[in-house]
file model33.cif (mmCIF, C-alpha atoms)
data_input
loop_
_atom_site.label_atom_id
_atom_site.label_comp_id
_atom_site.auth_asym_id
_atom_site.auth_seq_id
_atom_site.Cartn_x
_atom_site.Cartn_y
_atom_site.Cartn_z
CA MET A 287 243.21 310.44 -24.52
CA ARG A 288 244.93 310.40 -21.17
CA PRO A 289 243.74 311.68 -17.79
CA LYS A 290 245.81 313.36 -15.17
CA PRO A 291 248.09 310.67 -13.69
CA ALA A 292 247.93 309.43 -10.12
CA PHE A 293 250.05 312.00 -8.35
CA ALA A 294 250.89 312.80 -4.79
CA SER A 295 252.91 315.67 -3.52
CA ASN A 296 256.25 315.55 -1.79
CA ASP A 297 256.07 314.38 1.80
CA ASP A 298 252.81 315.64 3.17
CA ASP A 299 250.43 317.41 0.84
CA CYS A 300 248.69 316.41 -2.37
CA SER A 301 246.10 319.14 -2.54
CA GLN A 302 247.99 320.85 -5.36
CA HIS A 303 247.97 318.16 -8.03
CA GLY A 304 250.46 319.90 -10.28
CA ARG A 305 253.17 319.46 -7.65
CA CYS A 306 252.47 315.80 -7.05
CA ALA A 307 254.56 312.71 -7.77
CA LEU A 308 253.57 309.55 -9.60
CA ALA A 309 252.79 306.38 -7.70
CA ASN A 310 253.78 302.86 -8.81
CA PRO A 311 251.23 300.10 -9.49
CA ILE A 312 251.07 296.82 -7.63
CA PRO A 313 252.93 294.12 -9.59
CA GLY A 314 249.98 291.75 -9.84
CA GLY A 315 246.51 292.02 -11.24
CA ILE A 316 244.41 290.56 -14.02
CA THR A 317 243.89 290.72 -17.78
CA PRO A 318 240.12 290.31 -18.14
CA PHE A 319 239.96 290.07 -21.94
CA LYS A 320 243.27 288.37 -22.58
CA PRO A 321 244.77 288.48 -25.18
CA PHE A 322 242.98 291.69 -26.19
CA GLY A 323 242.85 293.84 -23.11
CA VAL A 324 245.48 295.71 -21.17
CA VAL A 325 246.97 294.40 -17.94
CA VAL A 326 244.93 295.66 -15.02
CA HIS A 327 246.96 296.21 -11.86
CA HIS A 328 243.94 295.69 -9.65
CA ASN A 329 242.45 292.74 -7.79
CA PRO A 330 238.65 292.89 -7.96
CA LEU A 331 236.72 291.81 -4.91
CA ASN A 332 234.89 288.53 -5.21
CA PRO A 333 231.87 288.05 -2.93
CA ALA A 334 232.48 284.28 -3.03
CA ASN A 335 235.90 284.58 -1.41
CA PRO A 336 236.38 284.78 2.36
CA LEU A 337 237.84 288.04 3.62
CA ALA A 338 241.01 286.27 4.77
CA ASP A 339 241.66 285.13 1.19
CA ILE A 340 241.44 288.48 -0.58
CA ASN A 341 244.20 289.60 -2.87
CA ASP A 342 245.94 292.91 -2.25
CA PRO A 343 243.13 295.48 -2.52
CA SER A 344 245.56 298.35 -3.11
CA GLN A 345 246.40 299.45 -6.63
CA ILE A 346 249.48 301.31 -5.40
CA THR A 347 252.59 299.46 -4.32
CA ASP A 348 255.15 300.53 -1.73
CA PHE A 349 252.13 301.81 0.16
CA ASP A 350 251.35 302.20 3.86
CA GLY A 351 247.88 303.44 4.63
CA PHE A 352 244.14 302.92 4.33
CA VAL A 353 242.39 301.32 1.38
CA GLY A 354 238.73 300.85 0.59
CA LEU A 355 236.96 298.91 -2.15
CA THR A 356 233.30 298.41 -2.93
CA HIS A 357 231.37 296.15 -5.25
CA ILE A 358 227.79 297.42 -5.40
CA ARG A 359 225.01 296.78 -7.90
CA GLY A 360 222.05 299.11 -7.86
CA GLY A 361 219.68 301.11 -9.98
CA GLY A 362 218.83 304.63 -11.01
CA THR A 363 217.22 306.79 -13.61
CA SER A 364 218.71 308.31 -16.72
CA MET A 365 217.31 311.19 -18.71
CA ASN A 366 217.74 312.16 -22.33
CA ASP A 367 218.40 315.89 -22.25
CA GLU A 368 216.82 316.49 -25.65
CA THR A 369 213.58 314.56 -25.25
CA GLY A 370 213.23 314.51 -21.48
CA ALA A 371 212.59 310.77 -21.67
CA THR A 372 213.62 308.84 -18.57
CA THR A 373 214.87 305.27 -18.41
CA ALA A 374 215.54 302.96 -15.49
CA LEU A 375 219.09 301.60 -15.61
CA ALA A 376 221.15 299.25 -13.49
CA PHE A 377 224.69 300.02 -12.41
CA GLN A 378 227.69 298.26 -10.98
CA ALA A 379 230.09 300.38 -8.93
CA ASP A 380 233.57 299.00 -8.35
CA MET A 381 235.19 301.91 -6.61
CA GLY A 382 237.51 302.69 -3.78
CA PHE A 383 240.29 304.81 -2.36
CA SER A 384 243.84 304.77 -1.09
CA LYS A 385 245.03 307.21 1.53
CA GLY A 386 248.48 307.09 3.04
CA LYS A 387 252.22 307.08 2.46
CA PHE A 388 253.92 305.63 -0.57
CA ILE A 389 257.21 305.59 -2.44
CA GLY A 390 256.75 307.30 -5.78
CA VAL A 391 258.41 306.63 -9.11
CA ASP A 392 260.99 309.22 -8.07
CA GLY A 393 262.05 306.96 -5.18
CA ARG A 394 260.92 309.46 -2.57
CA ARG A 395 258.30 309.16 0.14
CA HIS A 396 255.03 310.94 -0.46
CA GLU A 397 251.62 311.15 1.09
CA GLY A 398 248.46 311.18 -0.96
CA THR A 399 244.77 310.46 -1.30
CA PHE A 400 243.38 308.79 -4.39
CA ALA A 401 240.02 307.60 -5.65
CA PHE A 402 239.66 304.42 -7.64
CA ILE A 403 237.05 305.01 -10.32
CA MET E 85 225.38 301.24 -16.52
CA TYR E 86 223.32 298.43 -17.90
CA THR E 87 219.94 298.05 -19.54
CA GLY E 88 219.33 294.78 -17.68
CA PRO E 89 217.60 294.49 -14.31
CA VAL E 90 219.19 295.70 -11.10
CA GLY E 91 221.67 293.16 -9.83
CA THR E 92 222.92 292.20 -13.29
CA ALA E 93 225.98 293.49 -15.13
CA ALA E 94 226.09 291.76 -18.52
CA LEU E 95 228.70 293.13 -20.90
CA LEU E 96 226.34 293.06 -23.87
CA GLN E 97 223.83 295.18 -21.93
CA GLN E 98 226.33 297.81 -20.86
CA THR E 99 225.78 301.34 -22.15
CA HIS E 100 228.17 303.46 -20.08
CA ASP E 101 231.51 302.80 -18.38
CA TYR E 102 233.03 305.68 -16.44
CA ASN E 103 236.68 305.77 -15.46
CA VAL E 104 239.78 307.96 -15.52
CA HIS E 105 241.84 305.74 -17.88
CA ILE E 106 245.23 304.31 -17.12
CA ASP E 107 248.13 306.71 -17.24
CA SER E 108 251.80 306.25 -18.05
CA ASN E 109 252.60 304.99 -14.57
CA ASP E 110 250.16 302.06 -15.11
CA VAL E 111 248.31 302.65 -11.84
CA PHE E 112 244.82 301.44 -12.58
CA TRP E 113 242.03 304.03 -12.74
CA MET E 114 243.13 306.19 -9.83
CA VAL E 115 242.94 309.94 -9.57
CA PRO E 116 244.43 312.19 -6.88
CA LEU E 117 242.08 313.96 -4.51
CA ASP E 118 242.26 316.52 -1.80
CA HIS E 119 242.96 314.80 1.50
CA ASP E 120 239.57 315.69 2.94
CA ALA E 121 237.74 313.88 0.11
CA VAL E 122 238.34 310.64 2.04
CA LYS E 123 237.60 310.30 5.73
CA VAL E 124 238.43 307.07 7.57
CA ASP E 125 237.43 305.89 11.04
CA PHE E 126 238.98 302.49 10.71
CA ASP E 127 238.37 301.21 14.24
CA ASP E 128 234.64 301.76 13.76
CA GLY E 129 234.68 300.29 10.25
CA ARG E 130 233.66 303.53 8.63
CA ALA E 131 234.93 305.56 5.72
CA ARG E 132 233.52 308.05 3.29
CA LEU E 133 234.62 309.02 -0.21
CA ARG E 134 233.02 312.14 -1.64
CA VAL E 135 233.84 313.77 -4.96
CA SER E 136 231.88 316.32 -6.97
CA ASN E 137 232.08 317.08 -10.66
CA LEU E 138 235.04 314.88 -11.51
CA ARG E 139 235.93 314.82 -15.20
CA VAL E 140 236.10 311.24 -16.46
CA PHE E 141 235.74 309.25 -19.65
CA ASP E 142 232.73 307.25 -20.70
CA ASP E 143 234.12 304.28 -22.63
CA HIS E 144 230.63 302.80 -23.16
CA ASP E 145 231.56 299.36 -21.82
CA LEU E 146 234.29 297.56 -19.92
CA ALA E 147 235.62 295.81 -23.03
CA ASN E 148 236.26 299.13 -24.74
CA SER E 149 237.73 300.52 -21.52
CA LEU E 150 240.26 297.71 -21.32
CA THR E 151 241.05 297.47 -25.03
CA LEU E 152 241.50 301.23 -25.32
CA GLY E 153 238.47 301.58 -27.57
CA LEU E 154 239.17 298.65 -29.88
CA GLY E 155 236.29 296.46 -28.70
CA LEU E 156 236.39 292.69 -29.07
CA PRO E 157 236.39 290.78 -32.36
CA GLY E 158 234.18 287.92 -31.22
CA ASP E 159 235.11 285.68 -34.15
CA LEU E 160 238.49 284.30 -33.11
CA GLY E 161 237.32 281.51 -30.87
CA PHE E 162 237.79 283.41 -27.64
CA PRO E 163 235.10 283.19 -24.96
CA TYR E 164 233.97 286.79 -25.34
CA PRO E 165 231.12 288.32 -27.27
CA ALA E 166 231.77 290.64 -30.19
CA ILE E 167 231.88 294.21 -28.91
CA PRO E 168 232.11 296.98 -31.49
CA PRO E 169 234.78 299.63 -30.98
CA VAL E 170 233.57 302.80 -29.31
CA ALA E 171 235.51 306.03 -28.84
CA PRO E 172 235.40 307.52 -25.34
CA VAL E 173 233.48 310.69 -24.59
CA ARG E 174 233.96 313.13 -21.76
CA ALA E 175 231.60 313.03 -18.81
CA THR E 176 231.34 314.39 -15.29
CA ILE E 177 230.47 312.29 -12.28
CA SER E 178 229.82 312.95 -8.61
CA PHE E 179 229.70 310.28 -5.95
CA ASP E 180 229.36 309.70 -2.24
CA VAL E 181 230.45 306.24 -1.08
CA GLU E 182 230.14 305.17 2.54
CA TRP E 183 231.61 302.10 4.21
CA ASN E 184 229.79 301.43 7.45
CA GLY E 185 229.44 298.48 9.78
CA ILE E 186 231.98 295.74 10.41
CA VAL E 187 230.83 292.32 9.16
CA ALA E 188 234.12 290.44 9.52
CA THR E 189 237.74 291.10 10.38
CA ALA E 190 240.91 289.41 9.13
CA GLN E 191 244.61 289.80 9.73
CA ILE E 192 246.46 289.01 6.53
CA ASN E 193 250.15 288.50 5.95
CA ASN E 194 250.56 287.51 2.31
CA SER E 195 254.21 286.99 1.40
CA ALA E 196 253.33 285.92 -2.15
CA GLN E 197 251.83 289.33 -2.88
CA ASN E 198 253.92 291.26 -0.35
CA PHE E 199 251.08 292.81 1.57
CA LYS E 200 249.85 292.64 5.14
CA GLY E 201 247.41 294.40 7.38
CA THR E 202 244.05 294.42 9.05
CA PHE E 203 241.06 294.10 6.78
CA LEU E 204 237.38 294.59 7.43
CA SER E 205 234.41 293.38 5.47
CA THR E 206 231.82 296.12 5.83
CA GLY E 207 228.47 297.34 4.67
CA ALA E 208 228.49 300.06 2.03
CA THR E 209 226.23 302.41 0.11
CA ILE E 210 226.68 304.72 -2.83
CA ARG E 211 224.90 307.70 -4.26
CA TRP E 212 226.22 308.94 -7.56
CA SER E 213 225.33 310.85 -10.68
CA ALA E 214 226.71 311.38 -14.17
CA GLU E 215 226.37 314.04 -16.84
CA GLN E 216 227.50 314.18 -20.42
CA PRO E 217 226.17 315.73 -23.61
CA GLY E 218 222.54 314.68 -24.04
CA PHE E 219 222.50 312.36 -21.04
CA GLN E 220 222.33 312.41 -17.29
CA PHE E 221 221.93 309.77 -14.61
CA GLU E 222 220.97 309.81 -10.96
CA SER E 223 221.30 306.73 -8.78
CA GLU E 224 218.57 305.55 -6.45
CA THR E 225 218.51 306.40 -2.75
CA PRO E 226 221.50 304.69 -1.10
CA ASN E 227 220.46 301.17 -0.23
CA PRO E 228 222.64 298.95 2.01
CA ALA E 229 221.06 295.86 0.46
CA ARG E 230 222.81 296.62 -2.85
CA ASN E 231 226.25 295.96 -1.40
CA LEU E 232 227.78 292.72 -2.67
CA ILE E 233 231.12 293.02 -0.93
CA SER E 234 233.06 295.95 0.46
CA VAL E 235 236.37 296.04 2.24
CA LEU E 236 238.37 298.48 4.30
CA GLY E 237 242.02 297.85 5.05
CA ARG E 238 244.91 299.31 6.96
CA GLU E 239 247.78 297.80 5.06
CA GLN E 240 251.42 297.86 4.08
CA ASN E 241 252.74 296.48 0.82
CA GLY E 242 255.88 296.53 -1.31
CA VAL E 243 258.81 298.01 0.56
CA PHE E 244 256.61 298.53 3.61
CA PHE E 245 255.96 294.78 3.81
CA SER E 246 258.42 293.04 6.09
#
call {"tool": "encode", "arguments": {"input": "model33.cif", "output": "C-alpha cells"}}
result
Amino acid sequence: MRPKPAFASNDDDCSQHGRCALANPIPGGITPFKPFGVVVHHNPLNPANPLADINDPSQITDFDGFVGLTHIRGGGTSMNDETGATTALAFQADMGFSKGKFIGVDGRRHEGTFAFI
Amino acid sequence: MYTGPVGTAALLQQTHDYNVHIDSNDVFWMVPLDHDAVKVDFDDGRARLRVSNLRVFDDHDLANSLTLGLGLPGDLGFPYPAIPPVAPVRATISFDVEWNGIVATAQINNSAQNFKGTFLSTGATIRWSAEQPGFQFESETPNPARNLISVLGREQNGVFFS
C-alpha cells in the first residue's frame, strides 16, 4: 500500500495536491534495522548531541525554507470501541514539517508545505 | 504507542506506529499540506503544525514500518529482537504540534552534508489523537516537560547550498 507522494505545486501553490510535483529526498540518512530495513532519508534528532552538531534536519533536498522536528515522549489514553475499556499508553512523537522552495524531480522550482509523520 | 511507562519507547512494547509510508520518490514519511497548516515565526522561535483527520497507516511497530511489514527474524545473530510480521491497517490521526521558546541557537555550514542555516533548539508540545476500527487514542494535555529535543531551522541544502 502506498500513500499519496510528497507533492508540491508549480511555483507557488500546493493547496491542490493533484497538481503538485514530487520532491527529492536528502542523500543521507540511516538504516535502523540493517540489513533488513529500508534506507531512511531522515536524520533523527538526538538529545545527546549539541545543536551545532545536528545532521541535516530536512528530508527534502534542494530545499530553501523552514524546517521543524520534534522528539517528544508522553502519555495518553486509548479506548477499545467495543468494550469501552480504557488503557494508559505511552507515545513517542518524532514529527516535523518543511515549508519553502525546492527543486522537484521535474527539475523545476516549486513551493510547498509538508508534514513529517 | 507503547505499553511501557511514559518516557520509554521499547520496540517490543510498541503496539501502534502511525506514518504515511515512503513513496516512489523515497522522501521519508512526508505528506503535502495546505500552506496554512504550518505557521512559522522563526525570529521568536515559534511554529505550529496543525492537521485534522489525516489518513495514515498503522504499521504496529517501527520494525514493521521499516521492513514494509516483514518484521524481524531475530534468529540470525543480529542485535534486534524477533518481531512478527504485521500488515498495516488504515487509521486517521489529528495533531497540533507547537514549537515555542528558544533554548539555543546555532549557525551551521555543513559542507559534508551540503546544508547550512540558522537553527534553534526550542521547547515543544503536542496534542494528538488517533482513530481506527475498534480503537481510539487521545494524548494527555500538552506538557512542555515531555519534550526531549525539538529544533526549528531556516536552511538551504542541495543546490541552494553554496
call {"tool": "closest_residue", "arguments": {"input": "model33.cif", "among": "A:Gly351, A:Gly398, A:Pro336, A:Pro330", "to": "Ala379 in chain A", "atoms": "only C-alpha atoms"}}
result
A:Pro330
call {"tool": "closest_residue", "arguments": {"input": "model33.cif", "among": "A:Ala309, A:Met365, A:Ile358, A:Leu337", "to": "Asp380 in chain A", "atoms": "only C-alpha atoms"}}
result
A:Ile358
call {"tool": "closest_residue", "arguments": {"input": "model33.cif", "among": "A:Val353, A:Ile403, A:Leu331, A:Val325", "to": "Asn231 in chain E", "atoms": "all atoms listed in the file"}}
result
A:Leu331
call {"tool": "closest_residue", "arguments": {"input": "model33.cif", "among": "E:Ser246, E:Ser213, E:Thr151, E:Asn137", "to": "chain A", "atoms": "only C-alpha atoms"}}
result
E:Thr151
call {"tool": "interface_residues", "arguments": {"input": "model33.cif", "of": "chain A", "to": "chain E", "cutoff": "6 Å", "atoms": "all atoms listed in the file", "output": "PyMOL selection string"}}
result
chain A and resi 289+291-293+301+311+323-324+327+333+338+347-367+375-377+399-403
call {"tool": "resolve_selection", "arguments": {"input": "model33.cif", "expression": "the PyMOL selection byres ((chain A and resi 314) around 8)", "output": "list in words"}}
result
Ile312, Pro313, Gly315, Ile316, His327, His328 and Asn329 of chain A; Gln197 of chain E
call {"tool": "write_last_selection", "arguments": {"input": "model33.cif", "atoms": "C-alpha atoms", "output": "PDB file, in the frame of the given file"}}
result
ATOM      1  CA  ILE A 312     251.070 296.820  -7.630  1.00  0.00           C
ATOM      2  CA  PRO A 313     252.930 294.120  -9.590  1.00  0.00           C
ATOM      3  CA  GLY A 315     246.510 292.020 -11.240  1.00  0.00           C
ATOM      4  CA  ILE A 316     244.410 290.560 -14.020  1.00  0.00           C
ATOM      5  CA  HIS A 327     246.960 296.210 -11.860  1.00  0.00           C
ATOM      6  CA  HIS A 328     243.940 295.690  -9.650  1.00  0.00           C
ATOM      7  CA  ASN A 329     242.450 292.740  -7.790  1.00  0.00           C
TER       8      ASN A 329
ATOM      9  CA  GLN E 197     251.830 289.330  -2.880  1.00  0.00           C
TER      10      GLN E 197
END
call {"tool": "atom_distance", "arguments": {"input": "model33.cif", "atom1": "CA of Gly129 in chain E", "atom2": "CA of Gly185 in chain E"}}
result
5.6 Å
call {"tool": "residues_around", "arguments": {"input": "model33.cif", "residues": "Gly393 in chain A", "least_positions_apart": "3", "cutoff": "12 Å", "atoms": "all atoms listed in the file", "output": "compact mmCIF listing (two decimals) with C-alpha atoms, in the frame of the given file"}}
result
# COMPACT_ATOMS: atom_id res chain seq x y z
CA ASN A 296 256.25 315.55 -1.79
CA ASP A 297 256.07 314.38 1.80
CA ALA A 307 254.56 312.71 -7.77
CA LEU A 308 253.57 309.55 -9.60
CA ALA A 309 252.79 306.38 -7.70
CA ASN A 310 253.78 302.86 -8.81
CA ASP A 348 255.15 300.53 -1.73
CA PHE A 388 253.92 305.63 -0.57
CA ILE A 389 257.21 305.59 -2.44
CA GLY A 390 256.75 307.30 -5.78
CA HIS A 396 255.03 310.94 -0.46
CA VAL E 243 258.81 298.01 0.56
call {"tool": "closest_residue", "arguments": {"input": "model33.cif", "among": "A:Gln378, A:Val326, A:Val391, A:Thr373", "to": "Gln345 in chain A", "atoms": "all atoms listed in the file"}}
result
A:Val326
call {"tool": "atom_distance", "arguments": {"input": "model33.cif", "atom1": "CA of Phe319 in chain A", "atom2": "CA of Leu95 in chain E"}}
result
11.7 Å
call {"tool": "atom_distance", "arguments": {"input": "model33.cif", "atom1": "CA of Ser384 in chain A", "atom2": "CA of Pro321 in chain A"}}
result
29.1 Å
call {"tool": "decode", "arguments": {"input": "model33.cif", "residues": "range 330-355 of chain A", "atoms": "N, CA and C atoms", "output": "PDB file, in the first residue's frame"}}
result
ATOM      1  N   PRO A 330      17.372  11.479  12.502  1.00  0.00           N
ATOM      2  CA  PRO A 330      16.648  11.694  13.754  1.00  0.00           C
ATOM      3  C   PRO A 330      17.430  12.606  14.695  1.00  0.00           C
ATOM      4  N   LEU A 331      16.686  13.397  15.451  1.00  0.00           N
ATOM      5  CA  LEU A 331      17.333  14.220  16.465  1.00  0.00           C
ATOM      6  C   LEU A 331      17.817  13.336  17.599  1.00  0.00           C
ATOM      7  N   ASN A 332      18.947  13.728  18.166  1.00  0.00           N
ATOM      8  CA  ASN A 332      19.499  13.009  19.306  1.00  0.00           C
ATOM      9  C   ASN A 332      19.698  14.001  20.450  1.00  0.00           C
ATOM     10  N   PRO A 333      18.962  13.843  21.551  1.00  0.00           N
ATOM     11  CA  PRO A 333      19.081  14.805  22.649  1.00  0.00           C
ATOM     12  C   PRO A 333      20.494  14.920  23.204  1.00  0.00           C
ATOM     13  N   ALA A 334      21.330  13.907  22.963  1.00  0.00           N
ATOM     14  CA  ALA A 334      22.698  13.936  23.488  1.00  0.00           C
ATOM     15  C   ALA A 334      23.633  14.786  22.650  1.00  0.00           C
ATOM     16  N   ASN A 335      23.211  15.153  21.457  1.00  0.00           N
ATOM     17  CA  ASN A 335      24.083  15.926  20.568  1.00  0.00           C
ATOM     18  C   ASN A 335      23.829  17.429  20.705  1.00  0.00           C
ATOM     19  N   PRO A 336      24.890  18.221  20.738  1.00  0.00           N
ATOM     20  CA  PRO A 336      24.702  19.675  20.741  1.00  0.00           C
ATOM     21  C   PRO A 336      24.017  20.139  19.464  1.00  0.00           C
ATOM     22  N   LEU A 337      23.289  21.235  19.582  1.00  0.00           N
ATOM     23  CA  LEU A 337      22.571  21.768  18.420  1.00  0.00           C
ATOM     24  C   LEU A 337      23.505  21.995  17.239  1.00  0.00           C
ATOM     25  N   ALA A 338      24.702  22.494  17.505  1.00  0.00           N
ATOM     26  CA  ALA A 338      25.634  22.817  16.414  1.00  0.00           C
ATOM     27  C   ALA A 338      26.099  21.581  15.652  1.00  0.00           C
ATOM     28  N   ASP A 339      25.872  20.400  16.233  1.00  0.00           N
ATOM     29  CA  ASP A 339      26.334  19.165  15.595  1.00  0.00           C
ATOM     30  C   ASP A 339      25.209  18.360  14.939  1.00  0.00           C
ATOM     31  N   ILE A 340      24.034  18.939  14.813  1.00  0.00           N
ATOM     32  CA  ILE A 340      22.945  18.160  14.222  1.00  0.00           C
ATOM     33  C   ILE A 340      23.228  17.871  12.754  1.00  0.00           C
ATOM     34  N   ASN A 341      22.672  16.764  12.295  1.00  0.00           N
ATOM     35  CA  ASN A 341      22.684  16.472  10.870  1.00  0.00           C
ATOM     36  C   ASN A 341      21.529  17.225  10.209  1.00  0.00           C
ATOM     37  N   ASP A 342      21.541  17.242   8.887  1.00  0.00           N
ATOM     38  CA  ASP A 342      20.508  17.985   8.167  1.00  0.00           C
ATOM     39  C   ASP A 342      19.116  17.527   8.628  1.00  0.00           C
ATOM     40  N   PRO A 343      18.332  18.420   9.223  1.00  0.00           N
ATOM     41  CA  PRO A 343      17.016  18.009   9.699  1.00  0.00           C
ATOM     42  C   PRO A 343      15.953  17.934   8.610  1.00  0.00           C
ATOM     43  N   SER A 344      16.287  18.376   7.415  1.00  0.00           N
ATOM     44  CA  SER A 344      15.321  18.321   6.309  1.00  0.00           C
ATOM     45  C   SER A 344      15.317  16.927   5.689  1.00  0.00           C
ATOM     46  N   GLN A 345      14.159  16.481   5.262  1.00  0.00           N
ATOM     47  CA  GLN A 345      14.091  15.237   4.490  1.00  0.00           C
ATOM     48  C   GLN A 345      14.093  15.502   2.994  1.00  0.00           C
ATOM     49  N   ILE A 346      13.917  16.760   2.623  1.00  0.00           N
ATOM     50  CA  ILE A 346      13.864  17.157   1.216  1.00  0.00           C
ATOM     51  C   ILE A 346      15.174  17.845   0.853  1.00  0.00           C
ATOM     52  N   THR A 347      15.740  17.455  -0.272  1.00  0.00           N
ATOM     53  CA  THR A 347      16.965  18.121  -0.721  1.00  0.00           C
ATOM     54  C   THR A 347      16.639  19.220  -1.718  1.00  0.00           C
ATOM     55  N   ASP A 348      17.662  19.984  -2.080  1.00  0.00           N
ATOM     56  CA  ASP A 348      17.461  21.134  -2.971  1.00  0.00           C
ATOM     57  C   ASP A 348      16.332  21.998  -2.416  1.00  0.00           C
ATOM     58  N   PHE A 349      16.467  22.302  -1.137  1.00  0.00           N
ATOM     59  CA  PHE A 349      15.395  22.933  -0.368  1.00  0.00           C
ATOM     60  C   PHE A 349      15.891  24.240   0.244  1.00  0.00           C
ATOM     61  N   ASP A 350      15.032  25.230   0.268  1.00  0.00           N
ATOM     62  CA  ASP A 350      15.328  26.533   0.872  1.00  0.00           C
ATOM     63  C   ASP A 350      14.083  26.970   1.632  1.00  0.00           C
ATOM     64  N   GLY A 351      14.122  26.830   2.952  1.00  0.00           N
ATOM     65  CA  GLY A 351      12.933  27.195   3.704  1.00  0.00           C
ATOM     66  C   GLY A 351      13.053  26.852   5.176  1.00  0.00           C
ATOM     67  N   PHE A 352      11.905  26.695   5.802  1.00  0.00           N
ATOM     68  CA  PHE A 352      11.838  26.399   7.235  1.00  0.00           C
ATOM     69  C   PHE A 352      11.634  24.906   7.451  1.00  0.00           C
ATOM     70  N   VAL A 353      12.292  24.394   8.479  1.00  0.00           N
ATOM     71  CA  VAL A 353      12.088  23.010   8.893  1.00  0.00           C
ATOM     72  C   VAL A 353      11.836  22.984  10.395  1.00  0.00           C
ATOM     73  N   GLY A 354      11.118  21.986  10.823  1.00  0.00           N
ATOM     74  CA  GLY A 354      10.908  21.757  12.251  1.00  0.00           C
ATOM     75  C   GLY A 354      10.913  20.275  12.534  1.00  0.00           C
ATOM     76  N   LEU A 355      11.518  19.892  13.639  1.00  0.00           N
ATOM     77  CA  LEU A 355      11.490  18.494  14.085  1.00  0.00           C
ATOM     78  C   LEU A 355      11.238  18.475  15.581  1.00  0.00           C
TER      79      LEU A 355
END
